[in-house]
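Heads up, coords_31.cif below (mmCIF, C-alpha atoms):
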data_data
#
loop_
_atom_site.label_atom_id
_atom_site.label_comp_id
_atom_site.auth_asym_id
_atom_site.auth_seq_id
_atom_site.Cartn_x
_atom_site.Cartn_y
_atom_site.Cartn_z
CA MET O 272 0.00 0.00 0.00
CA ARG O 273 1.16 3.52 -0.72
CA GLN O 274 1.59 6.05 2.08
CA THR O 275 -1.00 8.76 2.68
CA PRO O 276 0.52 12.10 1.61
CA SER O 277 1.63 14.55 4.22
CA GLN O 278 0.00 18.00 4.42
CA THR O 279 0.75 21.09 6.43
CA VAL O 280 -0.44 21.28 10.03
CA GLY O 281 -1.81 24.74 9.11
CA PRO O 282 -2.15 27.74 11.41
CA TYR O 283 -4.94 26.39 13.62
CA PHE O 284 -3.54 23.22 15.20
CA ALA O 285 -3.39 24.61 18.75
CA TYR O 286 -6.86 23.62 19.97
CA GLY O 287 -6.43 20.16 18.48
CA LEU O 288 -2.91 19.24 19.56
CA VAL O 289 -2.05 21.50 22.53
CA PRO O 290 -5.47 22.82 23.64
CA ALA O 291 -4.80 23.41 27.34
CA GLN O 292 -1.55 25.23 26.58
CA TYR O 293 -3.52 27.78 24.54
CA GLY O 294 -6.42 28.05 26.98
CA TYR O 295 -9.01 26.01 25.09
CA GLU O 296 -11.46 23.88 27.03
CA LEU O 297 -9.97 20.50 26.26
CA SER O 298 -7.23 18.68 28.11
CA SER O 299 -3.86 18.21 26.40
CA LEU O 300 -2.37 14.74 26.11
CA TRP O 301 1.09 16.27 26.42
CA GLY O 302 2.43 19.69 27.30
CA SER O 303 5.80 21.33 27.72
CA GLU O 304 6.61 19.55 30.98
CA ILE O 305 8.41 16.38 29.91
CA ALA O 306 9.65 15.58 33.41
CA GLU O 307 8.44 16.68 36.82
CA ALA O 308 10.55 18.15 39.61
CA ARG O 309 10.61 14.72 41.27
CA THR O 310 11.94 12.93 38.18
CA PRO O 311 15.43 11.52 38.77
CA GLY O 312 18.09 13.38 36.80
CA GLU O 313 19.38 16.87 36.18
CA PRO O 314 16.48 19.29 35.65
CA ILE O 315 16.91 21.51 32.63
CA MET O 316 14.95 24.24 30.92
CA LEU O 317 15.10 24.40 27.15
CA MET O 318 14.12 27.61 25.36
CA GLY O 319 14.26 28.69 21.77
CA ARG O 320 12.54 30.09 18.76
CA VAL O 321 11.87 28.99 15.20
CA PHE O 322 12.97 31.42 12.48
CA ASP O 323 11.73 31.55 8.89
CA GLY O 324 13.76 32.58 5.84
CA SER O 325 13.16 36.27 6.48
CA GLY O 326 14.58 35.97 9.99
CA GLU O 327 11.20 36.39 11.61
CA ALA O 328 10.33 34.25 14.62
CA VAL O 329 7.46 31.92 13.73
CA PHE O 330 4.35 32.17 15.93
CA ASP O 331 2.59 29.05 14.66
CA ALA O 332 5.07 26.21 14.92
CA LEU O 333 4.60 23.06 16.97
CA ILE O 334 7.66 21.47 18.57
CA GLU O 335 7.47 17.86 19.71
CA ILE O 336 10.30 16.41 21.75
CA GLN O 337 10.93 12.77 22.51
CA GLN O 338 13.77 11.77 24.80
CA ALA O 339 15.33 9.15 27.01
CA ASP O 340 15.54 9.41 30.79
CA ALA O 341 18.69 10.20 32.78
CA GLN O 342 19.86 6.61 32.27
CA GLY O 343 19.46 6.87 28.49
CA ARG O 344 16.38 4.65 28.43
CA HIS O 345 13.07 5.38 26.74
CA LEU O 346 9.83 5.21 28.66
CA HIS O 347 8.10 1.84 28.37
CA SER O 348 4.87 2.13 30.31
CA LEU O 349 2.41 4.57 31.82
CA GLU O 350 2.99 2.91 35.17
CA GLN O 351 6.67 3.79 34.97
CA SER O 352 5.68 7.33 34.03
CA ARG O 353 3.42 7.64 37.08
CA LEU O 354 6.18 6.39 39.36
CA THR O 355 8.82 8.83 38.16
CA GLY O 356 6.88 11.78 36.70
CA PHE O 357 8.79 11.27 33.45
CA ARG O 358 6.65 11.50 30.29
CA GLY O 359 9.34 11.07 27.67
CA PHE O 360 7.43 13.25 25.22
CA GLY O 361 6.30 16.86 25.13
CA ARG O 362 4.65 19.39 22.87
CA MET O 363 4.67 23.14 22.72
CA GLY O 364 3.38 25.67 20.23
CA THR O 365 5.19 28.95 19.65
CA GLY O 366 1.99 31.01 19.84
CA THR O 367 1.56 31.22 23.59
CA ARG O 368 4.20 33.85 24.40
CA ASP O 369 4.75 37.35 23.02
CA ASP O 370 8.41 36.48 22.40
CA ARG O 371 7.37 33.38 20.37
CA CYS O 372 9.65 31.15 22.41
CA PHE O 373 9.07 27.51 23.15
CA VAL O 374 9.99 26.46 26.68
CA PHE O 375 10.31 22.88 27.87
CA ARG O 376 10.97 21.69 31.40
CA THR O 377 12.63 18.32 31.46
CA ILE O 378 15.67 16.42 32.62
CA LYS O 379 18.88 16.01 30.75
CA PRO O 380 18.80 12.64 28.99
CA GLY O 381 21.60 10.16 29.49
CA ALA O 382 23.73 8.74 26.71
CA SER O 383 22.16 5.65 25.17
CA ALA O 384 23.65 2.19 25.39
CA ASP O 385 24.33 2.14 21.65
CA GLY O 386 26.65 5.14 21.73
CA HIS O 387 24.41 8.11 21.08
CA ALA O 388 25.45 11.20 23.03
CA PRO O 389 22.72 12.79 25.19
CA HIS O 390 20.12 14.27 22.87
CA LEU O 391 16.50 15.22 22.36
CA ASP O 392 14.72 14.04 19.22
CA VAL O 393 12.58 16.75 17.67
CA ILE O 394 9.62 16.79 15.29
CA LEU O 395 8.81 20.22 13.87
CA THR O 396 5.57 21.12 12.14
CA LEU O 397 4.28 24.53 11.11
CA ARG O 398 2.10 26.35 8.64
CA GLY O 399 3.95 26.45 5.35
CA LEU O 400 5.69 23.15 5.98
CA LEU O 401 4.17 20.36 3.88
CA ASN O 402 6.25 17.59 5.51
CA HIS O 403 7.16 17.59 9.18
CA LEU O 404 10.88 17.88 9.90
CA TYR O 405 13.10 15.81 12.16
CA THR O 406 16.07 17.26 13.97
CA ARG O 407 18.07 16.60 17.12
CA ILE O 408 19.22 18.72 20.02
CA TYR O 409 22.59 17.87 21.54
CA PHE O 410 24.24 19.64 24.45
CA GLU O 411 27.35 21.69 23.85
CA GLU O 412 29.00 20.44 27.03
CA ASP O 413 29.06 16.80 25.85
CA ALA O 414 31.79 17.15 23.23
CA ALA O 415 33.59 13.97 24.26
CA GLN O 416 30.52 11.76 23.84
CA GLN O 417 29.56 13.54 20.63
CA ALA O 418 32.84 12.58 19.02
CA LEU O 419 31.54 8.99 18.98
CA ASP O 420 27.91 9.72 18.14
CA PRO O 421 26.75 7.80 15.03
CA VAL O 422 24.23 10.43 13.93
CA LEU O 423 26.56 13.41 14.29
CA ALA O 424 29.12 11.43 12.35
CA GLN O 425 26.83 11.74 9.33
CA VAL O 426 26.58 15.54 9.65
CA PRO O 427 29.21 17.73 7.96
CA GLN O 428 31.43 19.29 10.61
CA ALA O 429 30.54 22.81 9.50
CA ARG O 430 26.84 22.25 10.21
CA ARG O 431 27.05 20.39 13.53
CA ALA O 432 26.83 23.61 15.53
CA THR O 433 23.21 23.97 14.39
CA LEU O 434 22.36 20.93 16.52
CA MET O 435 23.90 22.18 19.78
CA ALA O 436 21.99 23.66 22.70
CA ARG O 437 24.04 26.19 24.62
CA ARG O 438 23.68 26.90 28.30
CA ASP O 439 23.31 30.64 28.93
CA GLU O 440 24.40 32.62 32.00
CA CYS O 441 21.19 31.70 33.80
CA GLY O 442 21.63 27.97 33.18
CA ILE O 443 18.90 27.82 30.52
CA HIS O 444 19.64 25.70 27.47
CA ARG O 445 19.05 27.72 24.33
CA PHE O 446 18.29 26.16 20.98
CA ASP O 447 16.96 28.08 17.99
CA ILE O 448 15.75 26.45 14.80
CA HIS O 449 16.47 28.18 11.50
CA LEU O 450 14.42 26.95 8.56
CA GLN O 451 16.65 28.71 6.03
CA GLY O 452 19.71 30.94 5.81
CA PRO O 453 23.38 30.57 6.69
CA ALA O 454 22.55 28.99 10.05
CA GLU O 455 19.92 26.62 8.60
CA THR O 456 19.36 23.80 11.07
CA VAL O 457 20.26 20.29 10.01
CA PHE O 458 17.14 18.23 9.34
CA PHE O 459 17.19 14.47 8.95
CA ASP O 460 15.56 12.00 6.63
CA VAL O 461 14.73 9.61 9.46
CA MET M 41 20.90 -2.16 16.85
CA SER M 42 19.56 -5.46 18.08
CA GLU M 43 18.91 -8.21 15.57
CA HIS M 44 15.22 -7.93 16.37
CA THR M 45 14.91 -4.22 15.67
CA PRO M 46 12.50 -3.83 12.76
CA ARG M 47 13.49 -1.70 9.82
CA LEU M 48 10.96 0.99 9.01
CA SER M 49 10.02 1.48 5.39
CA PRO M 50 11.42 4.76 4.07
CA ARG M 51 9.38 7.87 3.59
CA ASP M 52 7.95 7.35 0.12
CA TRP M 53 8.81 10.72 -1.35
CA ALA M 54 6.80 9.93 -4.47
CA SER M 55 3.73 10.05 -2.20
CA HIS M 56 4.51 13.27 -0.33
CA PRO M 57 4.64 16.90 -1.43
CA PRO M 58 7.96 18.57 -2.07
CA SER M 59 8.75 20.86 0.86
CA LEU M 60 8.96 23.86 -1.43
CA SER M 61 5.69 24.20 -3.31
CA PRO M 62 5.61 27.80 -4.57
CA GLY M 63 1.85 27.77 -5.24
CA TYR M 64 1.49 27.48 -1.49
CA ALA M 65 2.99 30.85 -0.62
CA SER M 66 3.86 30.09 3.00
CA SER M 67 6.18 27.28 1.94
CA VAL M 68 8.62 29.68 0.27
CA LEU M 69 10.18 31.08 3.45
CA ARG M 70 9.38 28.10 5.66
CA SER M 71 10.84 25.09 3.88
CA PRO M 72 14.46 24.06 4.34
CA THR M 73 16.81 24.72 1.42
CA GLN M 74 19.45 22.11 2.27
CA PRO M 75 18.79 18.44 1.53
CA LEU M 76 17.71 16.29 4.47
CA ILE M 77 20.57 14.23 5.87
CA PRO M 78 19.74 10.53 5.82
CA ILE M 79 20.28 8.71 9.10
CA ALA M 80 21.36 5.12 8.72
CA THR M 81 20.62 4.13 12.29
CA SER M 82 17.59 2.94 14.19
CA LEU M 83 16.18 6.39 14.89
CA ALA M 84 13.09 5.85 12.76
CA GLU M 85 12.32 2.67 14.67
CA LEU M 86 12.32 4.35 18.05
CA ALA M 87 9.02 3.53 19.76
CA GLN M 88 6.42 6.25 19.91
CA PRO M 89 5.49 8.00 23.15
CA VAL M 90 3.65 6.07 25.80
CA TYR M 91 -0.08 6.74 26.18
CA GLY M 92 -3.17 4.76 26.91
CA HIS M 93 -6.93 4.60 26.88
CA GLU M 94 -7.18 6.37 30.21
CA MET M 95 -5.80 9.54 28.61
CA ILE M 96 -8.71 9.69 26.16
CA GLY M 97 -12.02 11.13 27.40
CA ALA M 98 -15.31 9.30 26.82
CA LEU M 99 -16.54 11.98 24.39
CA ASP M 100 -13.22 12.88 22.82
CA HIS M 101 -14.16 11.02 19.61
CA ASP M 102 -17.52 12.77 19.29
CA LEU M 103 -17.13 16.37 18.17
CA THR M 104 -20.92 16.75 18.07
CA ARG M 105 -21.05 16.33 21.83
CA ASN M 106 -17.63 17.08 23.32
CA ALA M 107 -18.14 20.85 23.59
CA VAL M 108 -21.89 21.36 23.95
CA ARG M 109 -23.07 24.23 26.17
CA ASN M 110 -26.75 24.71 25.42
CA GLY M 111 -27.61 22.48 22.49
CA ALA M 112 -26.29 20.57 19.52
CA PRO M 113 -23.80 22.18 17.12
CA LEU M 114 -25.24 23.45 13.83
CA GLY M 115 -24.45 21.78 10.54
CA GLU M 116 -24.51 18.41 8.88
CA ARG M 117 -23.66 15.57 11.25
CA ILE M 118 -21.26 13.04 9.71
CA ILE M 119 -19.47 9.84 10.64
CA VAL M 120 -15.81 9.58 9.68
CA ALA M 121 -14.32 6.13 10.10
CA GLY M 122 -11.63 3.99 8.63
CA ARG M 123 -8.51 2.05 9.35
CA VAL M 124 -4.94 3.05 10.10
CA LEU M 125 -2.63 0.69 8.23
CA ASP M 126 1.05 0.48 7.48
CA ASP M 127 2.43 0.22 3.98
CA SER M 128 2.68 -3.57 4.33
CA HIS M 129 -1.12 -3.59 4.78
CA ARG M 130 -0.98 -4.42 8.48
CA PRO M 131 -3.38 -2.62 10.82
CA VAL M 132 -1.84 -0.20 13.33
CA PRO M 133 -3.66 -1.07 16.58
CA HIS M 134 -4.24 1.18 19.60
CA THR M 135 -2.75 4.19 17.91
CA LEU M 136 -3.68 7.80 18.49
CA VAL M 137 -5.76 9.71 15.93
CA GLU M 138 -6.11 13.45 16.61
CA VAL M 139 -8.33 15.74 14.51
CA TRP M 140 -9.26 19.41 14.29
CA GLN M 141 -11.39 21.34 11.85
CA ALA M 142 -13.50 24.40 11.08
CA ASN M 143 -17.18 24.49 12.03
CA ALA M 144 -20.06 24.21 9.56
CA ALA M 145 -19.71 27.90 8.71
CA GLY M 146 -16.04 27.56 7.86
CA ARG M 147 -14.76 29.22 11.03
CA TYR M 148 -12.03 27.85 13.29
CA ILE M 149 -12.36 28.55 16.99
CA HIS M 150 -8.66 29.46 17.03
CA ARG M 151 -8.30 33.06 18.12
CA ILE M 152 -6.13 34.01 15.16
CA ASP M 153 -8.87 33.00 12.69
CA GLN M 154 -10.49 36.32 11.71
CA HIS M 155 -12.83 34.98 9.01
CA ASP M 156 -16.16 36.77 9.22
CA ALA M 157 -18.28 33.68 9.82
CA PRO M 158 -20.00 32.75 13.09
CA LEU M 159 -18.51 30.65 15.84
CA ASP M 160 -20.73 27.91 17.17
CA PRO M 161 -21.02 27.96 20.97
CA ASN M 162 -21.57 24.21 20.93
CA PHE M 163 -18.66 23.22 18.74
CA LEU M 164 -14.94 23.19 19.48
CA GLY M 165 -13.85 21.22 16.42
CA ALA M 166 -11.19 19.10 18.08
CA GLY M 167 -11.26 15.42 18.91
CA ARG M 168 -9.20 12.28 19.26
CA THR M 169 -9.51 8.56 19.58
CA LEU M 170 -7.45 5.38 19.56
CA THR M 171 -7.69 2.71 16.91
CA ASP M 172 -8.90 -0.69 18.06
CA ALA M 173 -7.00 -3.97 17.79
CA GLN M 174 -7.78 -4.08 14.04
CA GLY M 175 -6.62 -0.52 13.46
CA ARG M 176 -10.15 0.85 13.12
CA TYR M 177 -11.26 4.27 14.31
CA ARG M 178 -14.57 6.10 14.27
CA LEU M 179 -15.35 9.77 14.78
CA LEU M 180 -18.57 11.75 14.85
CA THR M 181 -18.45 15.35 13.74
CA ILE M 182 -20.04 18.18 11.77
CA LYS M 183 -19.10 18.59 8.13
CA PRO M 184 -16.66 21.50 8.04
CA GLY M 185 -17.32 24.49 5.80
CA ALA M 186 -15.01 25.90 3.16
CA TYR M 187 -13.30 29.14 4.11
CA PRO M 188 -11.29 31.90 2.43
CA TRP M 189 -7.58 32.38 2.98
CA GLY M 190 -5.00 34.86 1.80
CA ASN M 191 -2.81 32.68 -0.40
CA HIS M 192 -3.98 34.21 -3.68
CA PRO M 193 -6.96 36.26 -4.93
CA ASN M 194 -10.30 34.62 -4.12
CA ALA M 195 -8.58 31.65 -2.49
CA TRP M 196 -10.78 29.15 -0.62
CA ARG M 197 -9.74 26.01 1.18
CA PRO M 198 -11.80 22.95 0.28
CA GLN M 199 -13.70 21.36 3.15
CA HIS M 200 -11.22 19.35 5.16
CA ILE M 201 -10.41 17.78 8.51
CA HIS M 202 -6.86 17.90 9.86
CA PHE M 203 -5.47 14.55 11.02
CA SER M 204 -2.41 13.92 13.20
CA LEU M 205 -1.04 10.40 13.74
CA LEU M 206 1.91 9.13 15.69
CA GLY M 207 1.83 5.54 14.48
CA ALA M 208 3.97 2.90 16.12
CA HIS M 209 7.40 4.46 15.55
CA PHE M 210 9.12 7.83 15.64
CA GLY M 211 9.40 7.65 11.85
CA SER M 212 5.73 6.86 11.25
CA ARG M 213 4.46 10.29 12.31
CA LEU M 214 2.01 11.79 9.83
CA VAL M 215 0.19 15.10 9.71
CA THR M 216 -2.32 15.27 6.88
CA GLN M 217 -5.73 16.53 5.84
CA MET M 218 -8.85 14.60 4.85
CA TYR M 219 -10.89 16.01 2.00
CA PHE M 220 -14.43 15.29 0.74
CA PRO M 221 -15.32 13.66 -2.57
CA GLY M 222 -16.59 15.88 -5.35
CA ASP M 223 -15.44 19.14 -3.81
CA PRO M 224 -14.97 21.64 -6.69
CA LEU M 225 -12.34 23.51 -4.68
CA LEU M 226 -9.93 20.56 -4.73
CA ALA M 227 -8.78 21.38 -8.26
CA LEU M 228 -7.93 24.93 -7.16
CA ASP M 229 -6.25 24.24 -3.82
CA PRO M 230 -2.44 24.59 -3.73
CA ILE M 231 -2.11 22.56 -0.52
CA TYR M 232 -4.06 19.56 -1.83
CA ASN M 233 -2.29 19.85 -5.17
CA SER M 234 1.14 20.06 -3.53
CA ALA M 235 0.98 16.26 -3.27
CA PRO M 236 1.98 14.27 -6.36
CA ALA M 237 -0.99 13.86 -8.72
CA GLU M 238 -1.17 10.09 -8.35
CA ALA M 239 -1.21 10.35 -4.54
CA ARG M 240 -3.84 13.04 -4.02
CA ALA M 241 -6.88 10.79 -4.12
CA ARG M 242 -5.57 8.99 -1.02
CA MET M 243 -6.45 12.11 0.96
CA VAL M 244 -10.09 12.11 -0.22
CA ALA M 245 -12.60 10.22 1.92
CA GLN M 246 -15.16 7.99 0.22
CA PHE M 247 -18.86 8.32 0.86
CA SER M 248 -20.24 5.03 2.18
CA ILE M 249 -23.89 4.10 2.37
CA ASP M 250 -22.89 1.17 4.59
CA LEU M 251 -21.33 3.50 7.13
CA THR M 252 -24.24 5.93 6.84
CA GLU M 253 -26.72 5.55 9.70
CA GLU M 254 -30.39 5.81 8.84
CA GLY M 255 -32.00 8.98 10.12
CA PHE M 256 -28.75 10.10 11.74
CA ALA M 257 -25.66 10.87 9.67
CA LEU M 258 -23.84 10.30 6.37
CA GLY M 259 -20.72 8.15 6.56
CA TYR M 260 -17.31 8.81 5.07
CA VAL M 261 -14.51 6.24 4.99
CA PHE M 262 -10.96 7.50 5.33
CA ASP M 263 -8.14 4.95 5.55
CA ILE M 264 -4.68 6.20 6.45
CA VAL M 265 -1.43 4.49 5.48
CA LEU M 266 1.69 5.10 7.56
CA ARG M 267 5.27 3.94 7.31
CA GLY M 268 5.62 0.54 8.96
CA ALA M 269 8.16 -2.16 9.67
CA GLN M 270 9.23 -3.67 6.39
CA ALA M 271 7.64 -7.00 5.56
CA THR M 272 10.95 -8.69 4.89
CA PRO M 273 13.32 -8.47 7.86
CA MET M 274 16.68 -7.04 6.91
CA GLU M 275 20.02 -8.53 7.84
CA THR M 276 21.55 -6.73 10.76
CA SER M 277 24.73 -5.04 9.70
CA ARG M 278 27.74 -5.76 11.85
#

What would you get if you wrote out this structure as structure tokens?
Amino acid sequence: MRQTPSQTVGPYFAYGLVPAQYGYELSSLWGSEIAEARTPGEPIMLMGRVFDGSGEAVFDALIEIQQADAQGRHLHSLEQSRLTGFRGFGRMGTGTRDDRCFVFRTIKPGASADGHAPHLDVILTLRGLLNHLYTRIYFEEDAAQQALDPVLAQVPQARRATLMARRDECGIHRFDIHLQGPAETVFFDV
Amino acid sequence: MSEHTPRLSPRDWASHPPSLSPGYASSVLRSPTQPLIPIATSLAELAQPVYGHEMIGALDHDLTRNAVRNGAPLGERIIVAGRVLDDSHRPVPHTLVEVWQANAAGRYIHRIDQHDAPLDPNFLGAGRTLTDAQGRYRLLTIKPGAYPWGNHPNAWRPQHIHFSLLGAHFGSRLVTQMYFPGDPLLALDPIYNSAPAEARARMVAQFSIDLTEEGFALGYVFDIVLRGAQATPMETSR
């Protein structure tokens, strides 16, 4: 069978995919809190924006993040999630704040058993994008582990910086996504 | 990668739109210009997020009832049902189907929609459900109206329902739109027509008299095909 074609998420996804985040009267299945304060691991806050080809921050993008826990393991059951407060997945739209930032509260993932440096897997959808995009967020401080990472190994050296979150003076991890331009983020054919 | 890790079928680019589709104006500044970098590892096969039936409300699948305040929503009640399958024709069981749409007047409840058509106090336009063990889903809703948009002069979107699916794997994610058969706006719509010509009809639901319920609602069948584990297991590279 042939795959159903992809289409854009359009400008009005918020009340369908992240309703509570935008104040609509429907619960959200996932929000921007991927881990709770009680979740074992190093709590981190991830902030960033999505820029279009004109350099304007996009106000109607949806960021989805999937990640491993502090031991580098993916969540296997809801029971495990209830025990630890770790959801392993989060969503945030860029239309909730005047500054068009996305903000996730989570824990820093551990390196995986098969040699991947700590990372967050990202799905990006937005109006104007006919196919969702996959990218990855690594952490600038993990250079030693990244030297052995099998995904980064496939990225030209000159573009690897687009996949690095940087910790600012306040301890917040910053990661911007650029859809076009000299700093265009690396996107993967997963 | 373990020897038992399934290999996901690739994204069939002959079935999907090119990212840059100039007739759809918003794609010009919002599509990447560099080629995607292929990843030859098991990233696509990563399991999808964990969720379960208890996260889905009893009326979440019924958009005609999940937001009522003082009566039923206006418009034509319809049933939308079908199966979620993978490209090896296997059903995708217990998988999340999320939908959102305009109301019968062609107005989205989203606060940035400024179209001069009425909101319906009894209609939100969002819903979700899980497929059953055979990959089947069923939604009740109101047929959405067409609405104007600013893409080009006198531009109107055909009637459609937005669908979001996670599927079984990280790589099986799909965001698409379901259209209605016979809609004259389909031929004029740059988003629908961004998909390759031979693939477009897969986004159009089929009217079904069998699904139609007497005295209640017309039925439309919409099957969705996602990337799935390849039918023939691949040798694990060492």

Determine, for each residue of chain O having at least one atom at most 8 Å from an atom of chain M, the closest pair of atoms and their separation in Å to one decimal, counting only C-alpha atoms; order by chain and ascending number, as a Markdown table.
| residue | atom | partner | partner_atom | distance |
| --- | --- | --- | --- | --- |
| O:Met272 | CA | M:Asp127 | CA | 4.7 |
| O:Arg273 | CA | M:Asp127 | CA | 5.9 |
| O:Gln274 | CA | M:Val265 | CA | 4.8 |
| O:Thr275 | CA | M:Val265 | CA | 5.1 |
| O:Pro276 | CA | M:His56 | CA | 4.6 |
| O:Ser277 | CA | M:Thr216 | CA | 4.8 |
| O:Gln278 | CA | M:Thr216 | CA | 4.3 |
| O:Thr279 | CA | M:Thr216 | CA | 6.6 |
| O:Val280 | CA | M:Val215 | CA | 6.2 |
| O:Tyr283 | CA | M:His150 | CA | 5.9 |
| O:Phe284 | CA | M:Trp140 | CA | 6.9 |
| O:Ala285 | CA | M:His150 | CA | 7.4 |
| O:Tyr286 | CA | M:Ala166 | CA | 6.5 |
| O:Gly287 | CA | M:Ala166 | CA | 4.9 |
| O:Leu288 | CA | M:Glu138 | CA | 7.2 |
| O:Leu300 | CA | M:Met95 | CA | 6.7 |
| O:Asp323 | CA | M:Arg70 | CA | 5.3 |
| O:Gly324 | CA | M:Leu69 | CA | 4.6 |
| O:Ser325 | CA | M:Leu69 | CA | 6.7 |
| O:Gln337 | CA | M:Pro89 | CA | 7.3 |
| O:Leu346 | CA | M:Val90 | CA | 6.9 |
| O:His347 | CA | M:Val90 | CA | 6.7 |
| O:Ser348 | CA | M:Val90 | CA | 6.1 |
| O:Leu349 | CA | M:Val90 | CA | 6.3 |
| O:Arg358 | CA | M:Val90 | CA | 7.7 |
| O:Gly359 | CA | M:Pro89 | CA | 6.7 |
| O:Phe360 | CA | M:Pro89 | CA | 6.0 |
| O:Asp385 | CA | M:Met41 | CA | 7.3 |
| O:Arg398 | CA | M:Ser66 | CA | 7.0 |
| O:Gly399 | CA | M:Ser67 | CA | 4.2 |
| O:Leu400 | CA | M:Ser67 | CA | 5.8 |
| O:Leu401 | CA | M:Ser59 | CA | 5.5 |
| O:Asn402 | CA | M:Ser59 | CA | 6.2 |
| O:His403 | CA | M:Val215 | CA | 7.4 |
| O:Pro421 | CA | M:Thr81 | CA | 7.7 |
| O:Val422 | CA | M:Ile79 | CA | 6.5 |
| O:Gln425 | CA | M:Ile79 | CA | 7.2 |
| O:Val426 | CA | M:Ile77 | CA | 7.2 |
| O:Leu450 | CA | M:Pro72 | CA | 5.1 |
| O:Gln451 | CA | M:Pro72 | CA | 5.4 |
| O:Glu455 | CA | M:Pro72 | CA | 7.4 |
| O:Val457 | CA | M:Leu76 | CA | 7.3 |
| O:Phe458 | CA | M:Leu76 | CA | 5.3 |
| O:Phe459 | CA | M:Ile77 | CA | 4.6 |
| O:Asp460 | CA | M:Pro78 | CA | 4.5 |
| O:Val461 | CA | M:Ala84 | CA | 5.3 |

- prompt: Counting only C-alpha atoms, which of M:Ala208, M:Val108, M:Leu258, M:Ala144 gets nearest to Val124 (chain M)?
  reply: M:Ala208

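Going from CA of Asn233 (chain M) over to CA of Gln199 (chain M), you cover 14.2 Å.
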
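In terms of minimum interatomic distance to Ile336 (chain O), O:Ile394 ranks closest within O:Ala306, O:Val374, O:Ile315, O:Ile394, counting only C-alpha atoms.
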
- prompt: Which residues match the PyMOL selection byres ((chain O and resi 386) around 8) in the file above, as number ranges by chain?
  reply: O: 382-385, 387-388, 416, 419-421

Would you save the residues from that selection as a PDB file, keeping the file's coordinate frame, using C-alpha atoms?
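So the final result, stored in selection_37.pdb, reads:
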ATOM      1  CA  ALA O 382      23.730   8.740  26.710  1.00  0.00           C
ATOM      2  CA  SER O 383      22.160   5.650  25.170  1.00  0.00           C
ATOM      3  CA  ALA O 384      23.650   2.190  25.390  1.00  0.00           C
ATOM      4  CA  ASP O 385      24.330   2.140  21.650  1.00  0.00           C
ATOM      5  CA  HIS O 387      24.410   8.110  21.080  1.00  0.00           C
ATOM      6  CA  ALA O 388      25.450  11.200  23.030  1.00  0.00           C
ATOM      7  CA  GLN O 416      30.520  11.760  23.840  1.00  0.00           C
ATOM      8  CA  LEU O 419      31.540   8.990  18.980  1.00  0.00           C
ATOM      9  CA  ASP O 420      27.910   9.720  18.140  1.00  0.00           C
ATOM     10  CA  PRO O 421      26.750   7.800  15.030  1.00  0.00           C
TER      11      PRO O 421
END

- prompt: Using the chain letters and numbers from the file, which residues does the PyMOL selection byres ((chain O and resi 362-365) around 9) grab, as a ChimeraX atom specification?
  reply: /O:284-285,288-289,292-293,301-305,320-321,328-336,360-361,366-368,370-375

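Ranking O:Glu440, O:Asp447, O:Asp369, O:Glu307 by their shortest atom-to-atom distance to Thr406 (chain O), with all atoms listed in the file included, puts O:Asp447 first.
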
field: Selection result for the PyMOL selection byres ((chain O and resi 431) around 12) on this file, as a PyMOL selection string
entry: (chain O and resi 406-411+414+417-418+420+422-430+432-436+454-458) or (chain M and resi 77)

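Between CA of Glu327 (chain O) and CA of Arg437 (chain O) lies a distance of 20.9 Å.
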
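Nearest-residue note for Gly175 (chain M): choosing from M:Thr252, M:Asn110, M:Thr135, M:Thr104, the minimum distance belongs to M:Thr135, counting all atoms listed in the file.
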
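In this model, the gap between CA of Arg117 (chain M) and CA of Arg197 (chain M) comes to 20.1 Å.
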
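The residue that comes closest to His101 (chain M), out of M:Gly146, M:Val132, M:Leu114, M:Arg178 and on the basis of all atoms listed in the file, is M:Arg178.
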
statement: Using all atoms listed in the file, the shortest atom-to-atom distance to Gly312 (chain O) among O:Gln342, O:Ser352, O:Phe446, O:Asp413 belongs to O:Gln342

With 3 Å of padding per side, what axis-aligned box (centre and edge lengths, Å, one decimal) covers all the listed atoms of region 254-260 of chain M? Give it as lines of an AutoDock Vina configuration file.
center_x = -24.7
center_y = 8.3
center_z = 8.4
size_x = 20.7
size_y = 11.1
size_z = 12.7
